[in-house]
Amino acid sequence: MTTESPAMVRLRDAVGRTVAAGTARATLLMDMSGTRAVGEALPRRRRPLPALARAVLRRVPRQVVTSGVLDLTRRRAMVGHDHIAFVQIEDRVWSGRPGRRLDRLGLTDPGRIVTPLAAFDRLADVTDAHDHGVVADRGERWRRLTVTTGDGEPGEVWLDGAHVRRIRLPEQRQDSTTVTLDAFGTDVDDRDWTRLPG
């Protein structure tokens, strides 16, 4: 029988406490600078396809910050921004412009979008964790762990001694998604779960 490392024990304890809290306010930071870099690295020829690809990729923002809530009890999450919003209920995900009704939208492929619930769920697949000690971040003192998921993907998790506070996961082309949690136990029933937040 193998024993878990202290970092894995600490992570599993924080995941359990976060699940027990039930709900939290969530901020989702999508860093798409890797996608932007692909566009900037394209050759500057006058041929139409590279020029079009460069023009499209230049419009991709470097970062998008959305805010909303995570409800682990009912397996749902929502986050929204001025131009984009997501709702996940169990395994179903909807995305689009804020305010649109879910019953008028088609489902989004869950693999295309990292929601706060999807990021949190990936913590169940962590197979290895390394503790880098307590670090200061914007006035907060959190313990930073580097983790590896079952599929070999790296990530980072920050703990505040009781809860999971931040999860950073790599995405395609060196992009990353970071979920930050706070206000544990917040009321989420006053939200309209029938439409994209906005």
# chains A, B, ... in the order shown; residues from 1 in each chain; ligands from 1
$ residues_around --residues "Val9 (chain A)" --least-positions-apart "3" --cutoff "12 Å" --atoms "only C-alpha atoms" --output "CSV table (one decimal) with all heavy atoms, in the first residue's frame"
chain,number,residue,atom,x,y,z
A,3,THR,N,1.5,5.3,0.4
A,3,THR,CA,0.9,6.4,1.1
A,3,THR,C,1.0,7.7,0.3
A,3,THR,O,1.9,7.8,-0.5
A,3,THR,CB,1.6,6.6,2.5
A,3,THR,OG1,3.0,6.9,2.2
A,3,THR,CG2,1.5,5.4,3.4
A,4,GLU,N,0.0,8.5,0.4
A,4,GLU,CA,0.0,9.8,-0.4
A,4,GLU,C,1.0,10.7,0.2
A,4,GLU,O,1.2,10.7,1.4
A,4,GLU,CB,-1.4,10.4,-0.4
A,4,GLU,CG,-2.4,9.7,-1.2
A,4,GLU,CD,-3.7,10.5,-1.4
A,4,GLU,OE1,-4.1,11.1,-0.4
A,4,GLU,OE2,-4.3,10.4,-2.4
A,5,SER,N,1.5,11.6,-0.7
A,5,SER,CA,2.4,12.6,-0.2
A,5,SER,C,1.7,13.6,0.7
A,5,SER,O,0.4,13.7,0.5
A,5,SER,CB,3.1,13.3,-1.4
A,5,SER,OG,2.1,14.1,-2.1
A,6,PRO,N,2.4,14.3,1.5
A,6,PRO,CA,1.7,15.4,2.3
A,6,PRO,C,1.0,16.4,1.4
A,6,PRO,O,-0.1,16.9,1.8
A,6,PRO,CB,2.8,16.0,3.1
A,6,PRO,CG,3.9,15.0,3.2
A,6,PRO,CD,3.8,14.2,1.9
A,12,ARG,N,-6.4,17.0,-1.1
A,12,ARG,CA,-7.6,16.2,-1.0
A,12,ARG,C,-8.5,16.8,0.2
A,12,ARG,O,-9.7,16.9,0.1
A,12,ARG,CB,-7.4,14.8,-0.8
A,12,ARG,CG,-6.6,14.1,-1.9
A,12,ARG,CD,-7.2,12.8,-2.4
A,12,ARG,NE,-6.4,12.2,-3.4
A,12,ARG,CZ,-6.5,12.5,-4.7
A,12,ARG,NH1,-7.3,13.4,-5.1
A,12,ARG,NH2,-5.7,11.9,-5.6
A,13,ASP,N,-7.8,17.2,1.3
A,13,ASP,CA,-8.5,17.8,2.4
A,13,ASP,C,-9.1,19.1,2.0
A,13,ASP,O,-10.3,19.4,2.3
A,13,ASP,CB,-7.5,18.0,3.5
A,13,ASP,CG,-8.2,18.6,4.8
A,13,ASP,OD1,-9.2,18.0,5.2
A,13,ASP,OD2,-7.8,19.7,5.3
A,14,ALA,N,-8.4,20.0,1.2
A,14,ALA,CA,-8.9,21.3,0.8
A,14,ALA,C,-10.1,21.1,-0.2
A,14,ALA,O,-11.1,21.8,-0.2
A,14,ALA,CB,-7.8,22.1,0.2
A,15,VAL,N,-10.0,20.1,-1.1
A,15,VAL,CA,-11.1,19.8,-2.0
A,15,VAL,C,-12.3,19.4,-1.3
A,15,VAL,O,-13.4,19.8,-1.5
A,15,VAL,CB,-10.7,18.7,-3.0
A,15,VAL,CG1,-11.9,18.1,-3.8
A,15,VAL,CG2,-9.6,19.2,-4.0
A,16,GLY,N,-12.1,18.5,-0.3
A,16,GLY,CA,-13.3,18.1,0.6
A,16,GLY,C,-13.9,19.2,1.3
A,16,GLY,O,-15.2,19.3,1.3
A,126,VAL,N,-6.1,14.5,-10.2
A,126,VAL,CA,-4.7,14.8,-9.9
A,126,VAL,C,-4.1,13.5,-9.3
A,126,VAL,O,-4.6,12.9,-8.4
A,126,VAL,CB,-4.6,15.9,-8.9
A,126,VAL,CG1,-3.2,16.0,-8.3
A,126,VAL,CG2,-5.0,17.2,-9.5
A,127,THR,N,-2.9,13.2,-9.9
A,127,THR,CA,-2.2,12.0,-9.5
A,127,THR,C,-0.9,12.3,-8.7
A,127,THR,O,-0.4,11.4,-8.0
A,127,THR,CB,-1.8,11.1,-10.7
A,127,THR,OG1,-1.0,11.9,-11.6
A,127,THR,CG2,-3.0,10.6,-11.4
A,128,ASP,N,-0.5,13.5,-8.8
A,128,ASP,CA,0.8,13.9,-8.1
A,128,ASP,C,0.7,15.4,-7.8
A,128,ASP,O,0.2,16.2,-8.5
A,128,ASP,CB,2.0,13.7,-9.0
A,128,ASP,CG,3.3,13.8,-8.3
A,128,ASP,OD1,3.3,13.6,-7.1
A,128,ASP,OD2,4.3,14.1,-9.0
A,129,ALA,N,1.2,15.8,-6.6
A,129,ALA,CA,1.3,17.2,-6.2
A,129,ALA,C,2.6,17.4,-5.4
A,129,ALA,O,3.1,16.6,-4.7
A,129,ALA,CB,0.1,17.4,-5.3
A,130,HIS,N,3.1,18.6,-5.6
A,130,HIS,CA,4.3,19.1,-5.0
A,130,HIS,C,4.0,20.4,-4.3
A,130,HIS,O,3.5,21.3,-4.9
A,130,HIS,CB,5.4,19.2,-6.0
A,130,HIS,CG,5.8,17.9,-6.6
A,130,HIS,ND1,6.6,17.0,-6.0
A,130,HIS,CD2,5.4,17.4,-7.8
A,130,HIS,CE1,6.8,16.0,-6.8
A,130,HIS,NE2,6.0,16.2,-7.9
A,131,ASP,N,4.4,20.5,-3.0
A,131,ASP,CA,4.1,21.7,-2.2
A,131,ASP,C,5.3,22.7,-2.4
A,131,ASP,O,6.4,22.3,-2.1
A,131,ASP,CB,4.0,21.3,-0.8
A,131,ASP,CG,3.4,22.4,0.1
A,131,ASP,OD1,3.5,23.6,-0.2
A,131,ASP,OD2,2.8,22.0,1.1
A,145,LEU,N,0.6,24.7,-4.8
A,145,LEU,CA,1.0,23.3,-5.2
A,145,LEU,C,1.1,23.2,-6.7
A,145,LEU,O,0.3,23.9,-7.4
A,145,LEU,CB,-0.1,22.3,-4.8
A,145,LEU,CG,-0.5,22.3,-3.3
A,145,LEU,CD1,-1.7,21.3,-3.1
A,145,LEU,CD2,0.6,22.0,-2.4
$ select_by_dssp --residues "region 94-158 of chain A" --states "strand (DSSP E or B)" --output "ChimeraX atom specification"
/A:94-96,101,108,126-137,140-149,154-158
$ residues_around --residues "Arg104 (chain A)" --least-positions-apart "5" --cutoff "12 Å" --atoms "only C-alpha atoms" --output "ChimeraX atom specification"
/A:94-97,99,194-196
$ write_last_selection --atoms "all heavy atoms" --output "mmCIF file, in the first residue's frame"
data_model
loop_
_atom_site.group_PDB
_atom_site.id
_atom_site.type_symbol
_atom_site.label_atom_id
_atom_site.label_comp_id
_atom_site.auth_asym_id
_atom_site.auth_seq_id
_atom_site.Cartn_x
_atom_site.Cartn_y
_atom_site.Cartn_z
ATOM 1 N N TRP A 94 -23.630 25.715 -21.919
ATOM 2 C CA TRP A 94 -24.145 26.686 -22.876
ATOM 3 C C TRP A 94 -23.211 27.888 -22.857
ATOM 4 O O TRP A 94 -22.711 28.275 -21.799
ATOM 5 C CB TRP A 94 -25.546 27.154 -22.493
ATOM 6 C CG TRP A 94 -26.593 26.093 -22.520
ATOM 7 C CD1 TRP A 94 -27.434 25.788 -23.550
ATOM 8 C CD2 TRP A 94 -26.961 25.203 -21.445
ATOM 9 N NE1 TRP A 94 -28.282 24.764 -23.188
ATOM 10 C CE2 TRP A 94 -28.011 24.387 -21.897
ATOM 11 C CE3 TRP A 94 -26.481 25.021 -20.147
ATOM 12 C CZ2 TRP A 94 -28.600 23.412 -21.103
ATOM 13 C CZ3 TRP A 94 -27.062 24.051 -19.357
ATOM 14 C CH2 TRP A 94 -28.111 23.255 -19.832
ATOM 15 N N SER A 95 -23.016 28.510 -24.003
ATOM 16 C CA SER A 95 -22.189 29.717 -24.061
ATOM 17 C C SER A 95 -22.755 30.658 -25.115
ATOM 18 O O SER A 95 -23.472 30.242 -26.019
ATOM 19 C CB SER A 95 -20.736 29.364 -24.378
ATOM 20 O OG SER A 95 -20.636 28.803 -25.673
ATOM 21 N N GLY A 96 -22.400 31.921 -24.969
ATOM 22 C CA GLY A 96 -22.858 32.901 -25.945
ATOM 23 C C GLY A 96 -22.889 34.290 -25.334
ATOM 24 O O GLY A 96 -22.277 34.547 -24.295
ATOM 25 N N ARG A 97 -23.652 35.172 -25.986
ATOM 26 C CA ARG A 97 -23.764 36.536 -25.484
ATOM 27 C C ARG A 97 -24.582 36.561 -24.199
ATOM 28 O O ARG A 97 -25.559 35.824 -24.063
ATOM 29 C CB ARG A 97 -24.405 37.438 -26.533
ATOM 30 C CG ARG A 97 -23.458 37.739 -27.694
ATOM 31 C CD ARG A 97 -24.114 38.584 -28.739
ATOM 32 N NE ARG A 97 -25.234 37.837 -29.292
ATOM 33 C CZ ARG A 97 -26.397 38.368 -29.612
ATOM 34 N NH1 ARG A 97 -26.630 39.636 -29.456
ATOM 35 N NH2 ARG A 97 -27.355 37.619 -30.109
ATOM 36 N N GLY A 99 -27.230 37.176 -21.293
ATOM 37 C CA GLY A 99 -28.660 37.431 -21.290
ATOM 38 C C GLY A 99 -29.484 36.490 -22.140
ATOM 39 O O GLY A 99 -30.706 36.457 -22.018
ATOM 40 N N THR A 194 -31.770 30.048 -15.938
ATOM 41 C CA THR A 194 -32.390 29.735 -17.215
ATOM 42 C C THR A 194 -31.789 30.550 -18.364
ATOM 43 O O THR A 194 -32.179 30.382 -19.507
ATOM 44 C CB THR A 194 -33.909 30.010 -17.183
ATOM 45 O OG1 THR A 194 -34.141 31.407 -17.018
ATOM 46 C CG2 THR A 194 -34.560 29.221 -16.056
ATOM 47 N N ARG A 195 -30.838 31.447 -18.057
ATOM 48 C CA ARG A 195 -30.235 32.270 -19.103
ATOM 49 C C ARG A 195 -28.769 32.535 -18.787
ATOM 50 O O ARG A 195 -28.339 32.371 -17.654
ATOM 51 C CB ARG A 195 -30.994 33.565 -19.318
ATOM 52 C CG ARG A 195 -30.998 34.507 -18.138
ATOM 53 C CD ARG A 195 -31.748 35.813 -18.445
ATOM 54 N NE ARG A 195 -33.147 35.582 -18.716
ATOM 55 C CZ ARG A 195 -33.757 35.886 -19.864
ATOM 56 N NH1 ARG A 195 -33.070 36.440 -20.851
ATOM 57 N NH2 ARG A 195 -35.023 35.641 -20.039
ATOM 58 N N LEU A 196 -28.027 32.938 -19.797
ATOM 59 C CA LEU A 196 -26.617 33.277 -19.608
ATOM 60 C C LEU A 196 -26.525 34.555 -18.796
ATOM 61 O O LEU A 196 -27.268 35.500 -19.025
ATOM 62 C CB LEU A 196 -25.939 33.461 -20.965
ATOM 63 C CG LEU A 196 -25.860 32.222 -21.863
ATOM 64 C CD1 LEU A 196 -25.277 32.583 -23.205
ATOM 65 C CD2 LEU A 196 -25.045 31.128 -21.208
#
$ residues_around --residues "Val87 (chain A)" --least-positions-apart "6" --cutoff "6 Å" --atoms "only C-alpha atoms" --output "mmCIF file with C-alpha atoms, in the first residue's frame"
data_model
loop_
_atom_site.group_PDB
_atom_site.id
_atom_site.type_symbol
_atom_site.label_atom_id
_atom_site.label_comp_id
_atom_site.auth_asym_id
_atom_site.auth_seq_id
_atom_site.Cartn_x
_atom_site.Cartn_y
_atom_site.Cartn_z
ATOM 1 C CA ALA A 77 -21.637 27.098 -12.520
ATOM 2 C CA MET A 78 -22.125 30.376 -14.326
ATOM 3 C CA VAL A 93 -22.638 23.642 -21.154
ATOM 4 C CA TRP A 94 -24.145 26.686 -22.876
#
$ residues_around --residues "Arg143 (chain A)" --least-positions-apart "4" --cutoff "12 Å" --atoms "only C-alpha atoms" --output "list in words"
Ala7, Arg10, Leu11, Ala14, His130, Asp131, His132, Gly133, Val134, Val135, Ala136, Asp137, Glu156, Val157, Trp158, Leu159, Asp160, Gly161, Ala162, His163, Val164, Arg165, Arg166 and Ile167 of chain A
$ closest_residue --among "A:Ala183, A:Ala119, A:Leu28, A:Val188" --to "Gly155 (chain A)" --atoms "only C-alpha atoms"
A:Ala119
$ closest_residue --among "A:Pro116, A:Gly139, A:Gly198, A:Gly22" --to "Thr180 (chain A)" --atoms "only C-alpha atoms"
A:Pro116
$ atom_distance --atom1 "CA of Met30 (chain A)" --atom2 "CA of Val65 (chain A)"
6.4 Å
